[in-house]
$ cat run.cif   # mmCIF, C-alpha atoms
data_coords
loop_
_atom_site.group_PDB
_atom_site.id
_atom_site.type_symbol
_atom_site.label_atom_id
_atom_site.label_comp_id
_atom_site.auth_asym_id
_atom_site.auth_seq_id
_atom_site.Cartn_x
_atom_site.Cartn_y
_atom_site.Cartn_z
ATOM 1 C CA MET A 1 26.044 -2.563 5.854
ATOM 2 C CA ALA A 2 25.966 -5.262 8.521
ATOM 3 C CA GLY A 3 22.878 -5.009 10.677
ATOM 4 C CA SER A 4 20.947 -3.141 8.014
ATOM 5 C CA ARG A 5 18.572 -3.876 5.177
ATOM 6 C CA ILE A 6 18.220 -2.031 1.889
ATOM 7 C CA VAL A 7 14.951 -0.210 1.227
ATOM 8 C CA LEU A 8 13.956 1.008 -2.221
ATOM 9 C CA GLY A 9 11.023 3.268 -3.064
ATOM 10 C CA ILE A 10 9.777 4.344 -6.479
ATOM 11 C CA ASP A 11 7.142 7.061 -6.797
ATOM 12 C CA ILE A 12 5.384 6.865 -10.155
ATOM 13 C CA GLY A 13 3.689 10.219 -10.553
ATOM 14 C CA SER A 14 1.938 11.944 -13.419
ATOM 15 C CA THR A 15 4.908 14.128 -14.356
ATOM 16 C CA ARG A 16 7.923 12.599 -12.561
ATOM 17 C CA ILE A 17 9.316 9.251 -11.494
ATOM 18 C CA THR A 18 11.395 9.436 -8.336
ATOM 19 C CA THR A 19 13.491 6.660 -6.817
ATOM 20 C CA VAL A 20 15.014 6.679 -3.339
ATOM 21 C CA GLY A 21 17.336 4.084 -1.899
ATOM 22 C CA GLY A 22 18.454 3.746 1.659
ATOM 23 C CA GLU A 23 19.428 1.498 4.510
ATOM 24 C CA GLN A 24 17.216 0.634 7.471
ATOM 25 C CA HIS A 25 19.325 0.296 10.622
ATOM 26 C CA ALA A 26 17.892 -1.029 13.865
ATOM 27 C CA SER A 27 19.703 1.622 15.909
ATOM 28 C CA ARG A 28 19.970 4.555 13.459
ATOM 29 C CA GLY A 29 16.675 4.314 11.566
ATOM 30 C CA LEU A 30 16.384 4.880 7.819
ATOM 31 C CA ILE A 31 19.400 6.494 6.178
ATOM 32 C CA LEU A 32 18.870 7.891 2.686
ATOM 33 C CA ARG A 33 21.726 6.908 0.362
ATOM 34 C CA GLY A 34 20.506 7.811 -3.128
ATOM 35 C CA LEU A 35 17.825 9.859 -4.887
ATOM 36 C CA ARG A 36 16.974 10.455 -8.535
ATOM 37 C CA SER A 37 13.929 12.123 -10.045
ATOM 38 C CA VAL A 38 13.249 12.224 -13.783
ATOM 39 C CA PRO A 39 10.444 13.871 -15.756
ATOM 40 C CA THR A 40 8.066 11.592 -17.642
ATOM 41 C CA GLN A 41 5.413 11.988 -20.276
ATOM 42 C CA ALA A 42 4.822 8.242 -20.479
ATOM 43 C CA ILE A 43 2.420 8.203 -17.526
ATOM 44 C CA THR A 44 -0.645 10.380 -17.079
ATOM 45 C CA ARG A 45 -2.820 10.283 -13.948
ATOM 46 C CA GLY A 46 -1.330 6.916 -13.009
ATOM 47 C CA ALA A 47 -2.011 5.301 -16.404
ATOM 48 C CA VAL A 48 0.813 4.157 -18.655
ATOM 49 C CA ARG A 49 0.527 5.847 -22.060
ATOM 50 C CA ASP A 50 3.794 4.544 -23.552
ATOM 51 C CA LEU A 51 5.131 1.292 -22.088
ATOM 52 C CA ASN A 52 8.612 1.523 -23.608
ATOM 53 C CA GLN A 53 9.134 5.132 -22.505
ATOM 54 C CA ALA A 54 7.742 4.381 -19.028
ATOM 55 C CA ALA A 55 10.234 1.532 -18.624
ATOM 56 C CA GLN A 56 13.070 3.774 -19.835
ATOM 57 C CA ASP A 57 12.100 6.575 -17.412
ATOM 58 C CA ILE A 58 11.810 4.113 -14.507
ATOM 59 C CA ASP A 59 15.217 2.686 -15.405
ATOM 60 C CA ASP A 60 16.758 6.170 -15.579
ATOM 61 C CA SER A 61 15.365 7.066 -12.151
ATOM 62 C CA TYR A 62 16.291 3.713 -10.586
ATOM 63 C CA SER A 63 19.802 3.580 -12.100
ATOM 64 C CA GLY A 64 20.586 7.116 -10.966
ATOM 65 C CA ALA A 65 19.499 6.457 -7.391
ATOM 66 C CA MET A 66 21.385 3.165 -7.188
ATOM 67 C CA TYR A 67 24.546 4.657 -8.744
ATOM 68 C CA SER A 68 24.613 7.598 -6.337
ATOM 69 C CA SER A 69 23.918 5.353 -3.332
ATOM 70 C CA GLY A 70 26.357 2.555 -4.053
ATOM 71 C CA LEU A 71 23.548 0.117 -3.214
ATOM 72 C CA SER A 72 22.049 -2.678 -5.277
ATOM 73 C CA HIS A 73 18.466 -3.844 -4.809
ATOM 74 C CA ASN A 74 15.638 -4.810 -7.133
ATOM 75 C CA GLU A 75 12.561 -5.013 -4.870
ATOM 76 C CA ALA A 76 10.675 -1.752 -4.325
ATOM 77 C CA PHE A 77 7.792 -0.134 -2.560
ATOM 78 C CA VAL A 78 5.978 1.536 -5.456
ATOM 79 C CA GLY A 79 3.908 4.684 -4.939
ATOM 80 C CA ILE A 80 1.086 5.047 -7.461
ATOM 81 C CA THR A 81 -1.715 7.469 -8.133
ATOM 82 C CA GLY A 82 -4.646 7.583 -10.502
ATOM 83 C CA ARG A 83 -8.257 8.439 -10.942
ATOM 84 C CA ASP A 84 -9.217 4.732 -10.844
ATOM 85 C CA LEU A 85 -7.781 4.187 -7.367
ATOM 86 C CA LEU A 86 -10.250 4.005 -4.509
ATOM 87 C CA SER A 87 -9.385 4.036 -0.828
ATOM 88 C CA LEU A 88 -11.756 2.735 1.862
ATOM 89 C CA ASN A 89 -11.828 1.525 5.441
ATOM 90 C CA ARG A 90 -13.477 -1.794 6.305
ATOM 91 C CA LYS A 91 -14.337 -3.493 9.605
ATOM 92 C CA ALA A 92 -14.919 -7.124 10.536
ATOM 93 C CA ALA A 93 -15.161 -9.227 13.669
ATOM 94 C CA VAL A 94 -14.981 -12.914 14.568
ATOM 95 C CA HIS A 95 -15.798 -14.896 17.672
ATOM 96 C CA ILE A 96 -12.832 -16.743 19.202
ATOM 97 C CA ASN A 97 -13.814 -20.429 19.274
ATOM 98 C CA ASN A 98 -10.825 -21.656 21.267
ATOM 99 C CA PRO A 99 -12.193 -22.895 24.644
ATOM 100 C CA ASP A 100 -9.470 -21.081 26.594
ATOM 101 C CA GLY A 101 -10.056 -17.866 24.576
ATOM 102 C CA ILE A 102 -6.488 -17.592 23.271
ATOM 103 C CA VAL A 103 -6.360 -15.721 19.954
ATOM 104 C CA SER A 104 -4.431 -17.708 17.362
ATOM 105 C CA ARG A 105 -2.567 -16.430 14.307
ATOM 106 C CA GLU A 106 -5.241 -18.166 12.255
ATOM 107 C CA ASP A 107 -7.938 -16.097 14.029
ATOM 108 C CA VAL A 108 -5.999 -12.947 13.094
ATOM 109 C CA GLU A 109 -5.700 -14.052 9.455
ATOM 110 C CA VAL A 110 -9.416 -14.968 9.294
ATOM 111 C CA VAL A 111 -10.617 -11.602 10.629
ATOM 112 C CA ILE A 112 -8.304 -9.693 8.276
ATOM 113 C CA ASP A 113 -9.520 -11.752 5.301
ATOM 114 C CA LYS A 114 -13.130 -11.204 6.376
ATOM 115 C CA SER A 115 -12.558 -7.427 6.308
ATOM 116 C CA LEU A 116 -11.419 -7.423 2.663
ATOM 117 C CA PRO A 117 -14.047 -6.823 -0.030
ATOM 118 C CA LYS A 118 -15.120 -10.000 -1.819
ATOM 119 C CA GLN A 119 -17.310 -8.472 -4.543
ATOM 120 C CA LEU A 120 -15.246 -6.231 -6.784
ATOM 121 C CA LEU A 121 -16.312 -4.452 -9.924
ATOM 122 C CA PRO A 122 -15.176 -6.062 -13.190
ATOM 123 C CA GLY A 123 -11.577 -4.999 -13.932
ATOM 124 C CA GLN A 124 -10.928 -3.999 -10.317
ATOM 125 C CA GLN A 125 -8.430 -5.530 -7.885
ATOM 126 C CA ILE A 126 -7.127 -5.027 -4.366
ATOM 127 C CA VAL A 127 -3.896 -3.078 -4.768
ATOM 128 C CA HIS A 128 -2.946 -2.766 -1.107
ATOM 129 C CA SER A 129 -4.413 -3.404 2.321
ATOM 130 C CA MET A 130 -3.176 -2.782 5.821
ATOM 131 C CA VAL A 131 -4.491 -3.168 9.336
ATOM 132 C CA ARG A 132 -5.374 0.118 10.991
ATOM 133 C CA GLU A 133 -6.289 -1.367 14.347
ATOM 134 C CA PHE A 134 -7.363 -4.508 16.146
ATOM 135 C CA THR A 135 -9.883 -4.698 18.953
ATOM 136 C CA LEU A 136 -10.247 -7.504 21.466
ATOM 137 C CA ASP A 137 -13.528 -7.516 23.380
ATOM 138 C CA GLY A 138 -13.973 -3.873 22.380
ATOM 139 C CA ILE A 139 -10.528 -2.750 23.596
ATOM 140 C CA ARG A 140 -8.067 -1.275 21.085
ATOM 141 C CA ILE A 141 -4.935 -3.367 20.634
ATOM 142 C CA SER A 142 -1.790 -1.674 19.354
ATOM 143 C CA ARG A 143 -0.151 -4.804 17.917
ATOM 144 C CA SER A 144 -1.196 -8.236 16.730
ATOM 145 C CA PRO A 145 -3.488 -9.820 19.319
ATOM 146 C CA ALA A 146 -2.167 -13.366 18.661
ATOM 147 C CA GLY A 147 -1.562 -15.046 22.022
ATOM 148 C CA MET A 148 -3.888 -12.722 23.957
ATOM 149 C CA ILE A 149 -7.136 -13.901 25.567
ATOM 150 C CA GLY A 150 -10.566 -12.672 24.514
ATOM 151 C CA ARG A 151 -13.891 -13.659 22.986
ATOM 152 C CA GLN A 152 -14.456 -11.142 20.155
ATOM 153 C CA LEU A 153 -11.660 -10.140 17.770
ATOM 154 C CA GLY A 154 -12.238 -7.125 15.544
ATOM 155 C CA VAL A 155 -10.175 -5.386 12.898
ATOM 156 C CA GLU A 156 -10.307 -2.197 10.861
ATOM 157 C CA THR A 157 -8.393 -2.359 7.592
ATOM 158 C CA HIS A 158 -7.527 0.256 5.017
ATOM 159 C CA VAL A 159 -7.983 -1.095 1.488
ATOM 160 C CA VAL A 160 -6.927 0.423 -1.833
ATOM 161 C CA LEU A 161 -8.717 -0.793 -4.962
ATOM 162 C CA GLY A 162 -7.525 -0.106 -8.476
ATOM 163 C CA SER A 163 -7.764 -0.945 -12.130
ATOM 164 C CA GLU A 164 -6.314 -4.350 -13.062
ATOM 165 C CA SER A 165 -5.032 -3.008 -16.380
ATOM 166 C CA GLN A 166 -3.413 0.072 -14.780
ATOM 167 C CA ILE A 167 -1.540 -2.097 -12.263
ATOM 168 C CA ALA A 168 -0.624 -4.691 -14.934
ATOM 169 C CA ASN A 169 0.897 -1.999 -17.182
ATOM 170 C CA ILE A 170 2.929 -0.534 -14.319
ATOM 171 C CA ASN A 171 4.107 -4.071 -13.469
ATOM 172 C CA ARG A 172 5.137 -4.648 -17.087
ATOM 173 C CA ALA A 173 7.169 -1.428 -17.137
ATOM 174 C CA LEU A 174 8.900 -2.406 -13.882
ATOM 175 C CA GLU A 175 9.552 -5.970 -15.097
ATOM 176 C CA ARG A 176 11.227 -4.631 -18.247
ATOM 177 C CA VAL A 177 13.934 -3.162 -16.013
ATOM 178 C CA GLU A 178 13.967 -6.275 -13.785
ATOM 179 C CA LEU A 179 12.350 -4.621 -10.770
ATOM 180 C CA LYS A 180 9.922 -6.385 -8.443
ATOM 181 C CA VAL A 181 7.102 -4.794 -6.459
ATOM 182 C CA ARG A 182 7.343 -5.415 -2.740
ATOM 183 C CA SER A 183 4.149 -3.479 -2.126
ATOM 184 C CA TYR A 184 2.099 -0.774 -3.764
ATOM 185 C CA VAL A 185 1.453 2.412 -1.820
ATOM 186 C CA LEU A 186 -1.274 4.933 -2.622
ATOM 187 C CA ASN A 187 0.097 8.471 -3.081
#
$ encode --input "run.cif" --output "structure tokens"
Amino acid sequence: MAGSRIVLGIDIGSTRITTVGGEQHASRGLILRGLRSVPTQAITRGAVRDLNQAAQDIDDSYSGAMYSSGLSHNEAFVGITGRDLLSLNRKAAVHINNPDGIVSREDVEVVIDKSLPKQLLPGQQIVHSMVREFTLDGIRISRSPAGMIGRQLGVETHVVLGSESQIANINRALERVELKVRSYVLN
């Protein structure tokens, strides 16, 4: 496993919980090593109905995938769904104040933060966000613009909002089987 990193994904659906484990190799890409899918009645439309059963079903799925793969990892990308999840795209822009026009990492962080919603409904939280694209002086940039020269830095982000209680209950079920969320992913 030298030169690789372990990747774990758990899809928490309305009728099944599926776990996949694999290795990410720089030269060979992602190699799937283990898969286990179990039915569940503990979760409906992304909401936990029975915390103990949800934790047991997650553990069954996770343990099966890890056993069949021979891997061991406790940090997962977690796919979630639900009627309370909302997906939206947001844009923001900032002027580069550096006299030589070099975009700093701080400029990148500021424009990303500016693109995130600040006023959320009560009980709502940002579940996930990711950059869709940067622009520098109106030109699309395929990677981080830090170190490039320009005057106007723009960003378009994709943001997923969800129910605080829904996410907290999923976290509790995962914590009961000693799993950590690396990132949530909208299904």
$ closest_residue --input "run.cif" --among "A:Val110, A:Ile43, A:Leu86, A:Val127" --to "Ala173 of chain A" --atoms "all atoms listed in the file"
A:Ile43
$ closest_residue --input "run.cif" --among "A:Ile102, A:Ile58, A:Ile149, A:Leu136" --to "Asp11 of chain A" --atoms "all atoms listed in the file"
A:Ile58
$ closest_atom_pairs --input "run.cif" --of "segment 44-109 of chain A" --to "segment 140-148 of chain A" --cutoff "10 Å" --atoms "all atoms listed in the file" --output "JSON lines"
{"residue": "A:Gly101", "atom": "CA", "partner": "A:Met148", "partner_atom": "CA", "distance": 8.1}
{"residue": "A:Ile102", "atom": "CA", "partner": "A:Met148", "partner_atom": "CA", "distance": 5.6}
{"residue": "A:Val103", "atom": "CA", "partner": "A:Ala146", "partner_atom": "CA", "distance": 5.0}
{"residue": "A:Ser104", "atom": "CA", "partner": "A:Ala146", "partner_atom": "CA", "distance": 5.1}
{"residue": "A:Arg105", "atom": "CA", "partner": "A:Ala146", "partner_atom": "CA", "distance": 5.3}
{"residue": "A:Glu106", "atom": "CA", "partner": "A:Ala146", "partner_atom": "CA", "distance": 8.6}
{"residue": "A:Asp107", "atom": "CA", "partner": "A:Ala146", "partner_atom": "CA", "distance": 7.9}
{"residue": "A:Val108", "atom": "CA", "partner": "A:Ala146", "partner_atom": "CA", "distance": 6.8}
{"residue": "A:Glu109", "atom": "CA", "partner": "A:Ala146", "partner_atom": "CA", "distance": 9.9}
$ resolve_selection --input "run.cif" --expression "the PyMOL selection byres ((chain A and resi 14) around 9)" --output "tab-separated table (two decimals) with C-alpha atoms, in the coordinates of the input"
chain	number	residue	atom	x	y	z
A	12	ILE	CA	5.38	6.86	-10.15
A	13	GLY	CA	3.69	10.22	-10.55
A	15	THR	CA	4.91	14.13	-14.36
A	16	ARG	CA	7.92	12.60	-12.56
A	17	ILE	CA	9.32	9.25	-11.49
A	40	THR	CA	8.07	11.59	-17.64
A	41	GLN	CA	5.41	11.99	-20.28
A	42	ALA	CA	4.82	8.24	-20.48
A	43	ILE	CA	2.42	8.20	-17.53
A	44	THR	CA	-0.64	10.38	-17.08
A	45	ARG	CA	-2.82	10.28	-13.95
A	46	GLY	CA	-1.33	6.92	-13.01
A	47	ALA	CA	-2.01	5.30	-16.40
A	81	THR	CA	-1.72	7.47	-8.13
A	82	GLY	CA	-4.65	7.58	-10.50
$ residues_around --input "run.cif" --residues "Glu156 of chain A" --least-positions-apart "5" --cutoff "7 Å" --atoms "only C-alpha atoms" --output "PyMOL selection string"
chain A and resi 89-92+131-134
$ write_last_selection --input "run.cif" --atoms "C-alpha atoms" --output "PDB file, in the coordinates of the input"
ATOM      1  CA  ASN A  89     -11.828   1.525   5.441  1.00  0.00           C
ATOM      2  CA  ARG A  90     -13.477  -1.794   6.305  1.00  0.00           C
ATOM      3  CA  LYS A  91     -14.337  -3.493   9.605  1.00  0.00           C
ATOM      4  CA  ALA A  92     -14.919  -7.124  10.536  1.00  0.00           C
ATOM      5  CA  VAL A 131      -4.491  -3.168   9.336  1.00  0.00           C
ATOM      6  CA  ARG A 132      -5.374   0.118  10.991  1.00  0.00           C
ATOM      7  CA  GLU A 133      -6.289  -1.367  14.347  1.00  0.00           C
ATOM      8  CA  PHE A 134      -7.363  -4.508  16.146  1.00  0.00           C
TER       9      PHE A 134
END
$ atom_distance --input "run.cif" --atom1 "atom CA of Gln124 of chain A" --atom2 "atom CA of Glu164 of chain A"
5.4 Å
$ closest_residue --input "run.cif" --among "A:Ser63, A:Ser115, A:Thr157, A:Thr18" --to "Met130 of chain A" --atoms "all atoms listed in the file"
A:Thr157
$ closest_residue --input "run.cif" --among "A:Ile112, A:Ala76, A:Leu30, A:Val7" --to "Arg182 of chain A" --atoms "all atoms listed in the file"
A:Ala76
$ resolve_selection --input "run.cif" --expression "the PyMOL selection byres ((chain A and resi 181) around 12)" --output "VMD selection string"
chain A and resid 7 to 11 73 to 80 127 to 128 167 to 168 170 to 175 177 to 180 182 to 185
